[in-house]
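In what follows, a single structure is set out as structure tokens and then discussed.
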Amino acid sequence: MNTSDRLPVRQPAPNANPNLKRHHTARYYAHRVHESLTTRVSKIVCATLLIIVFVLGIVAFILWLSLRPHRPRVFISDFSIPALGQPSGFDNAQIIFKVTARNSNQHIGFYYGKVEGSVFYKDIRIGYIPLLDPFYQEPKNTTIMSGVLSGATLNVNSQRWTEFLYARTQGTVIFRLDITASIQFKVSTWDSHHHRMHATCDVGVGSDGSILAIYKNKRCPVYFT
């Protein structure tokens with residue numbers, strides 16, 4: 001190939017300097033500084049919010065641990081049908097019972113509405129009686145609730161009594177005592193909504209009509225509706 005056929009080589013411009021860096025305008029640098037400050041402020045704000053949320057969460061958790069409400073603890077203390085051990089007991093039949101309701105909370109009180117007691121035999125209610133008028137139970141306090149079912153408050157006919165006597169020959173007559181009440185939790189100046197408390201106490205009596213030892217002072221399951 002002849003030298004005359006080669007492509008021309010572009011020569012650098014006379015004033016071009018390859019070591020010369022490009023200079024940006026002042027507006028460009030101001031924009032970069034603004035973006036940097038905005039990013040740093042955003043990060044600081046986010047970090048601050050996260051710290052606040054974390055601290056509030058810890059405080060709330062500590063308060064919950066110290067103030068979390070425990071349900072009332074209900075125990076069956078006594079239950080008897082004295083006439084069950086008598087030949088003509090049906091004529092003077094009565095059911096005598098006593099339960100204790102314990103507030104085990106340190107800082108939470110209970111507002112009880114009207115407290116009522118019902119006795120069931122084979123899921124059939126055979127007696128009902130009001131136990132207590134509305135009252136306030138202090139923290140770390142125990143309240144005794146007792147009742148006597150007889151006459152109009154005890155719905156037991158001769159057929160039902162015969163069923164009691166037959167179960168007695170088997171050694172145990174099983175009843176269920178239900179304690180119900182409207183209840184509110186009180187924490188300092190704050191009161192919760194009303195809840196319906198149900199305490200269900202299964203109890204057995206022996207041939208003499210007295211509560212059996214395995215049921216005495218037994219804790220009753222409590223639930224709310």
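Each chain of the structure tokens is named A, B, ... in the order shown, its residues numbered from 1; ligands are numbered from 1 in display order.
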
request  = Find the residues around Phe135 in chain A up to 9 Å (only C-alpha atoms counted), leave out those fewer than 4 positions away in its own chain, and share them as JSON, numbers by chain.
outcome  = {"A": [110, 111, 112, 113, 114]}

Could you produce a table of the residues of range 62-107 of chain A lying within 10 Å of range 184-208 of chain A, with the nearest pair of atoms per residue and their separation in Å rounded to one decimal, using only C-alpha atoms, ordered by chain and increasing residue number, as CSV?
```
residue,atom,partner,partner_atom,distance
A:Leu67,CA,A:Val187,CA,7.9
A:Arg68,CA,A:Val187,CA,9.9
A:Pro69,CA,A:Phe185,CA,7.7
A:His70,CA,A:Phe185,CA,9.7
A:Arg71,CA,A:Met197,CA,9.2
A:Pro72,CA,A:Met197,CA,9.0
A:Arg73,CA,A:Ala199,CA,8.9
A:Val74,CA,A:Ala199,CA,6.8
A:Phe75,CA,A:Cys201,CA,7.9
A:Ile76,CA,A:Cys201,CA,6.7
A:Asp78,CA,A:Val203,CA,9.2
A:Phe79,CA,A:Val203,CA,7.5
A:Ser80,CA,A:Val205,CA,6.7
A:Ile81,CA,A:Val205,CA,7.8
A:Pro82,CA,A:Asp208,CA,7.0
A:Ala83,CA,A:Asp208,CA,8.3
A:Leu84,CA,A:Asp208,CA,6.4
A:Gly85,CA,A:Asp208,CA,4.7
A:Gln86,CA,A:Asp208,CA,8.4
A:Val99,CA,A:Cys201,CA,9.3
A:Ala101,CA,A:Ala199,CA,9.7
A:His107,CA,A:Val187,CA,6.6
```

Take the selection from the previous step and output its residues with N, CA and C atoms, as an mmCIF file, in the first residue's frame.
```
data_model
loop_
_atom_site.group_PDB
_atom_site.id
_atom_site.type_symbol
_atom_site.label_atom_id
_atom_site.label_comp_id
_atom_site.auth_asym_id
_atom_site.auth_seq_id
_atom_site.Cartn_x
_atom_site.Cartn_y
_atom_site.Cartn_z
ATOM 1 N N LEU A 67 -48.013 -4.692 85.066
ATOM 2 C CA LEU A 67 -49.437 -4.428 85.247
ATOM 3 C C LEU A 67 -50.347 -5.450 84.580
ATOM 4 N N ARG A 68 -49.774 -6.454 83.918
ATOM 5 C CA ARG A 68 -50.634 -7.405 83.207
ATOM 6 C C ARG A 68 -51.638 -8.013 84.189
ATOM 7 N N PRO A 69 -52.919 -7.978 83.862
ATOM 8 C CA PRO A 69 -53.935 -8.434 84.811
ATOM 9 C C PRO A 69 -54.026 -9.953 84.888
ATOM 10 N N HIS A 70 -54.101 -10.451 86.109
ATOM 11 C CA HIS A 70 -54.394 -11.856 86.333
ATOM 12 C C HIS A 70 -55.894 -11.997 86.604
ATOM 13 N N ARG A 71 -56.476 -13.043 86.093
ATOM 14 C CA ARG A 71 -57.888 -13.284 86.344
ATOM 15 C C ARG A 71 -58.114 -13.576 87.834
ATOM 16 N N PRO A 72 -59.351 -13.346 88.291
ATOM 17 C CA PRO A 72 -59.654 -13.769 89.668
ATOM 18 C C PRO A 72 -59.416 -15.267 89.828
ATOM 19 N N ARG A 73 -58.886 -15.648 90.952
ATOM 20 C CA ARG A 73 -58.658 -17.057 91.249
ATOM 21 C C ARG A 73 -59.743 -17.536 92.205
ATOM 22 N N VAL A 74 -60.578 -18.439 91.707
ATOM 23 C CA VAL A 74 -61.743 -18.897 92.466
ATOM 24 C C VAL A 74 -61.498 -20.328 92.930
ATOM 25 N N PHE A 75 -61.740 -20.591 94.212
ATOM 26 C CA PHE A 75 -61.542 -21.916 94.798
ATOM 27 C C PHE A 75 -62.831 -22.361 95.486
ATOM 28 N N ILE A 76 -63.157 -23.642 95.361
ATOM 29 C CA ILE A 76 -64.310 -24.203 96.059
ATOM 30 C C ILE A 76 -63.867 -24.614 97.459
ATOM 31 N N ASP A 78 -66.116 -25.214 100.249
ATOM 32 C CA ASP A 78 -67.014 -26.170 100.905
ATOM 33 C C ASP A 78 -68.246 -26.377 100.028
ATOM 34 N N PHE A 79 -68.795 -27.576 100.111
ATOM 35 C CA PHE A 79 -70.017 -27.911 99.374
ATOM 36 C C PHE A 79 -70.603 -29.147 100.052
ATOM 37 N N SER A 80 -71.863 -29.065 100.421
ATOM 38 C CA SER A 80 -72.463 -30.204 101.117
ATOM 39 C C SER A 80 -73.974 -30.231 100.926
ATOM 40 N N ILE A 81 -74.511 -31.452 101.024
ATOM 41 C CA ILE A 81 -75.959 -31.683 101.061
ATOM 42 C C ILE A 81 -76.204 -32.541 102.301
ATOM 43 N N PRO A 82 -76.338 -31.906 103.463
ATOM 44 C CA PRO A 82 -76.431 -32.687 104.715
ATOM 45 C C PRO A 82 -77.538 -33.733 104.692
ATOM 46 N N ALA A 83 -78.661 -33.419 104.067
ATOM 47 C CA ALA A 83 -79.809 -34.331 104.092
ATOM 48 C C ALA A 83 -79.584 -35.590 103.271
ATOM 49 N N LEU A 84 -78.510 -35.607 102.463
ATOM 50 C CA LEU A 84 -78.263 -36.766 101.615
ATOM 51 C C LEU A 84 -77.955 -38.014 102.440
ATOM 52 N N GLY A 85 -77.465 -37.831 103.631
ATOM 53 C CA GLY A 85 -77.156 -38.964 104.499
ATOM 54 C C GLY A 85 -78.278 -39.303 105.459
ATOM 55 N N GLN A 86 -79.461 -38.702 105.302
ATOM 56 C CA GLN A 86 -80.585 -38.931 106.198
ATOM 57 C C GLN A 86 -81.681 -39.736 105.480
ATOM 58 N N VAL A 99 -67.256 -20.456 98.353
ATOM 59 C CA VAL A 99 -66.099 -20.306 97.470
ATOM 60 C C VAL A 99 -65.332 -19.058 97.882
ATOM 61 N N ALA A 101 -62.800 -15.979 96.243
ATOM 62 C CA ALA A 101 -62.309 -15.313 95.027
ATOM 63 C C ALA A 101 -61.108 -14.468 95.412
ATOM 64 N N HIS A 107 -51.284 -4.329 91.485
ATOM 65 C CA HIS A 107 -51.739 -2.950 91.301
ATOM 66 C C HIS A 107 -53.105 -2.855 90.619
#
```

message = Between A:Ile96, A:Ile179, A:Leu132, A:Ile51, which residue has the minimum interatomic distance to Val148 in chain A, considering only C-alpha atoms?
response =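 Of the candidates, the smallest distance to Val148 in chain A is held by A:Ile96.
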
task = Counting only C-alpha atoms, figure out which residue out of A:Val156, A:Ala213, A:Ile183, A:Tyr223 gets nearest to Pro134 in chain A.
result =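 Ranking A:Val156, A:Ala213, A:Ile183, A:Tyr223 by distance to Pro134 in chain A, first place goes to A:Ile183.
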
request  = For each of A:Thr153, A:Ser118, A:Thr142, A:Gln159, take the minimum atom-to-atom distance to Leu177 in chain A, counting only C-alpha atoms, then give the residue where this is smallest.
outcome  = A:Ser118

key: Nearest candidate to Arg125 in chain A (options A:Ser182, A:Asn217, A:Asn155, A:Asn141; using only C-alpha atoms)   =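 With only C-alpha atoms as the atom set, the closest residue is A:Asn155.
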
task = May I ask which of the residues A:Thr39, A:Thr25, A:Ala167, A:Ile44 is the closest one to Lys122 in chain A, counting only C-alpha atoms?
result =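 Among the listed residues, the smallest separation from Lys122 in chain A belongs to A:Ala167.
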
ask   = CA of Ala152 in chain A and CA of Leu131 in chain A, how far apart in Å?
value = 15.4 Å
